[in-house]
Amino acid sequence: MSPAAASALVVDGVTKRFTTPDGALTALEDVSFAVRPGEFLALIGPSGCGKSTLFNIIGGLTGGFEGQVRVDGAPIDGAHRAIGMVFQEESTFPWRTTLDNVAFPLEVAGMGKTERYARAKNLIKLVGLDGFENRYPAELSGGMRQRTALARTLAAEPRILLMDEPFAALDEQTRLLLGDRLLQIQQALKQTTLLITHSIAEAVQLADRVVVMTYRPGRVKRVFDIDLPRPRNSEIVSSAAFGHYVAQIWNDLREEAAKGLDESEAIARRTGQH
Amino acid sequence: MDQARLSARHFLGSVTALRVATLIVLFLAWEAVAASGWLFEGVVPSSFKIGAALWDLLTSGAFYSNIELTLGEAAISVVLGAGAGIAVGLALGRSRFAGTAFEPYLHYLAPTPKIVFLPILLVLFGIGPGSKIAMGTLSCFFPMALSVASGVRQVDPVLLRVGHSFNLGRVAMIRKIYLPALVPPIATGLKLGLGVAIIGCLLAEIKMSNRGLGFLIMQYYSQFRIPYMYAALIVAFAVAALGNALIARFVRLPGR
Ligand SMILES: Nc1ncnc2c1ncn2[C@@H]1O[C@H](COP(=O)(O)OP(=O)(O)O)[C@@H](O)[C@H]1O
Ligand SMILES: [Mg+2]
């Protein structure tokens, strides 16, 4: 088997430039990495390093880039059925109940009511929302809405789960517990997963490998193998090995985060002078 | 909390009392003017005469065929005008190019009294219900198109990205995401559109027709049967209010 065929998802030399009022902005430069089948890969980088841009490119929602994104060896052209996306923003449909939100991809695929509700109910149980089937998103907490969105994405049975900071808006405790839940689901489904995050702890808690990105233009700085035992849960955050990985990654990331901070301070200073 | 609820109830009670008092004062003032004979006889008839005329109208079968006609015209106008308004609003809102090119026309035409189009509509659709429906449709179209066009631009972009990520085609995007997301602006458009559709039909009937509620109002006026004219006006007002209440009732917003 060639190495390419052994990967579920390959990002190969992706470069993305935006034209802004201040001129050209290179958001991503020659980004390459691969996700193996069943692997949990985390991608980490400071705010503004191009993570969401890459998320949209892999999901087929953003075009006009150089390089290739390949699924099972074939370059994608638009949204690929094998890829399921969970967005950073609030993305549940406010006019649908939990049940109808989760059943959404099945409904648009033309599946009958009985079957799609049965499947949706299983997924709702999987993400721990049983009992909330008939609630509207406005009646749920932020964490519950994000789980609804996750279940909705899983309903389409994607081979690759792609998530952009899905827990970013949640508090620390909720984040840890949802991380556990996500790991259980990922292990149960052997779900190939690419999680984008800016939290080192989250990356180490969940991932098999962590890709660290540089700040603007976003490039791959280093890839860490996380050799922590499975099954894992959030208790691992108190272990020495966990702390070791966090320190190592922070060492790499600190420089990049500082660049981002300097830049945003410079912008604040410039705009403050007007 | 109980304190707050108590004072809220107190507030509502005062509002109701004020409303009732206003009605009573208006009623007495109206009766005083009617009895005084200051105004030309019959311009302000006693409310008892209007009441009697209303009773007379409501118990005569011929009256209902006129109401039915006007209501039917208004209903068809709302269906046609709202349908066209939603379609055009969606097209304008979704395409930045079309929106920029055409929306200024809508904004200029929307506040224009549609009655100026009546001569053309009479030529095109005749003196019968056709020209009335055309007036109502035209009136209903503009508020709906504008409301939907601006609503489309406010649809949360992440919901559209969710749709694209699930590979939804154009029709599914409209049916499953745009239309449900647009229920509030469509309800607003319907509310405004229903009112102006009824006004449009009535105005057209008043100007030129041989049947309908508007025609009756005008006929009573020209025959100087003022109490009957007021009675027909009251019915027109009630019909419009009822229509609005129905829309408010049927257009519920789940989860919002
Ligand atoms: N559509 C766009 N047009 C212009 N610049 C953009 C656009 N989208 C993102 N950017 C810029 O690209 C950079 C990366 O953004 P993003 O991918 O959102 O970063 P992250 O998700 O890592 O915070 C930022 O500087 C952002 O301002
Ligand atoms: Mg982002």
# chains A, B, ... in the order shown; residues from 1 in each chain; ligands from 1

call {"tool": "residues_near_ligand", "arguments": {"ligand": "ligand 1", "cutoff": "12 Å", "atoms": "only C-alpha atoms and all ligand atoms", "output": "NGL selection string"}}
result
:A and (15-29 or 43-57 or 61-64 or 87-89 or 163-166 or 168 or 196-199 or 212-219 or 256-257 or 260 or 263-264 or 267)

call {"tool": "interface_residues", "arguments": {"of": "chain A", "to": "chain B", "cutoff": "6 Å", "atoms": "only C-alpha atoms", "output": "PDB file with all heavy atoms, in the first residue's frame"}}
result
ATOM      1  N   ALA A  79     -17.977  20.515  -1.456  1.00  0.00           N
ATOM      2  CA  ALA A  79     -18.260  19.729  -0.252  1.00  0.00           C
ATOM      3  C   ALA A  79     -18.282  18.234  -0.580  1.00  0.00           C
ATOM      4  O   ALA A  79     -18.937  17.812  -1.522  1.00  0.00           O
ATOM      5  CB  ALA A  79     -19.600  20.157   0.338  1.00  0.00           C
ATOM      6  N   SER A  91     -24.701  26.774  15.305  1.00  0.00           N
ATOM      7  CA  SER A  91     -25.132  26.402  13.957  1.00  0.00           C
ATOM      8  C   SER A  91     -26.381  25.521  13.924  1.00  0.00           C
ATOM      9  O   SER A  91     -26.761  25.035  12.860  1.00  0.00           O
ATOM     10  CB  SER A  91     -23.990  25.694  13.221  1.00  0.00           C
ATOM     11  OG  SER A  91     -23.792  24.408  13.766  1.00  0.00           O
ATOM     12  N   PRO A  94     -32.618  27.200  14.541  1.00  0.00           N
ATOM     13  CA  PRO A  94     -33.442  27.601  15.687  1.00  0.00           C
ATOM     14  C   PRO A  94     -34.908  27.201  15.552  1.00  0.00           C
ATOM     15  O   PRO A  94     -35.620  27.137  16.548  1.00  0.00           O
ATOM     16  CB  PRO A  94     -33.295  29.126  15.731  1.00  0.00           C
ATOM     17  CG  PRO A  94     -32.686  29.530  14.442  1.00  0.00           C
ATOM     18  CD  PRO A  94     -32.005  28.348  13.856  1.00  0.00           C
ATOM     19  N   TRP A  95     -35.357  26.897  14.325  1.00  0.00           N
ATOM     20  CA  TRP A  95     -36.771  26.550  14.125  1.00  0.00           C
ATOM     21  C   TRP A  95     -36.999  25.051  14.178  1.00  0.00           C
ATOM     22  O   TRP A  95     -38.098  24.587  13.937  1.00  0.00           O
ATOM     23  CB  TRP A  95     -37.259  27.097  12.782  1.00  0.00           C
ATOM     24  CG  TRP A  95     -36.448  26.618  11.619  1.00  0.00           C
ATOM     25  CD1 TRP A  95     -36.610  25.448  10.941  1.00  0.00           C
ATOM     26  CD2 TRP A  95     -35.346  27.287  11.005  1.00  0.00           C
ATOM     27  NE1 TRP A  95     -35.667  25.344   9.954  1.00  0.00           N
ATOM     28  CE2 TRP A  95     -34.879  26.458   9.962  1.00  0.00           C
ATOM     29  CE3 TRP A  95     -34.695  28.508  11.241  1.00  0.00           C
ATOM     30  CZ2 TRP A  95     -33.801  26.804   9.152  1.00  0.00           C
ATOM     31  CZ3 TRP A  95     -33.631  28.839  10.433  1.00  0.00           C
ATOM     32  CH2 TRP A  95     -33.194  28.005   9.403  1.00  0.00           C
ATOM     33  N   TYR A 136     -36.432  23.102  21.600  1.00  0.00           N
ATOM     34  CA  TYR A 136     -35.825  23.948  20.578  1.00  0.00           C
ATOM     35  C   TYR A 136     -34.475  24.441  21.091  1.00  0.00           C
ATOM     36  O   TYR A 136     -34.261  24.525  22.308  1.00  0.00           O
ATOM     37  CB  TYR A 136     -36.743  25.122  20.259  1.00  0.00           C
ATOM     38  CG  TYR A 136     -37.946  24.714  19.460  1.00  0.00           C
ATOM     39  CD1 TYR A 136     -39.158  24.433  20.072  1.00  0.00           C
ATOM     40  CD2 TYR A 136     -37.852  24.572  18.076  1.00  0.00           C
ATOM     41  CE1 TYR A 136     -40.262  24.034  19.337  1.00  0.00           C
ATOM     42  CE2 TYR A 136     -38.943  24.178  17.330  1.00  0.00           C
ATOM     43  CZ  TYR A 136     -40.145  23.903  17.960  1.00  0.00           C
ATOM     44  OH  TYR A 136     -41.218  23.502  17.227  1.00  0.00           O
TER      45      TYR A 136
END

call {"tool": "closest_residue", "arguments": {"among": "B:Ile186, B:Leu122, B:Ala238, B:Leu233", "to": "Val148 (chain B)", "atoms": "only C-alpha atoms"}}
result
B:Ile186

call {"tool": "atom_distance", "arguments": {"atom1": "CA of Leu129 (chain A)", "atom2": "CA of Ile58 (chain A)"}}
result
28.9 Å

call {"tool": "select_by_dssp", "arguments": {"residues": "region 146-230 of chain A", "states": "strand (DSSP E or B)", "output": "ChimeraX atom specification"}}
result
/A:160-164,192-197,209-213,218,220-225

call {"tool": "residues_around", "arguments": {"residues": "Ile160 (chain A)", "least_positions_apart": "5", "cutoff": "8 Å", "atoms": "only C-alpha atoms", "output": "PyMOL selection string"}}
result
chain A and resi 8-9+82-84+191-194

call {"tool": "residues_around", "arguments": {"residues": "region 125-142 of chain B", "least_positions_apart": "6", "cutoff": "10 Å", "atoms": "only C-alpha atoms", "output": "PyMOL selection string"}}
result
chain B and resi 69-70+72-86+88-89+106-107+109-119+148+189-205+208-212
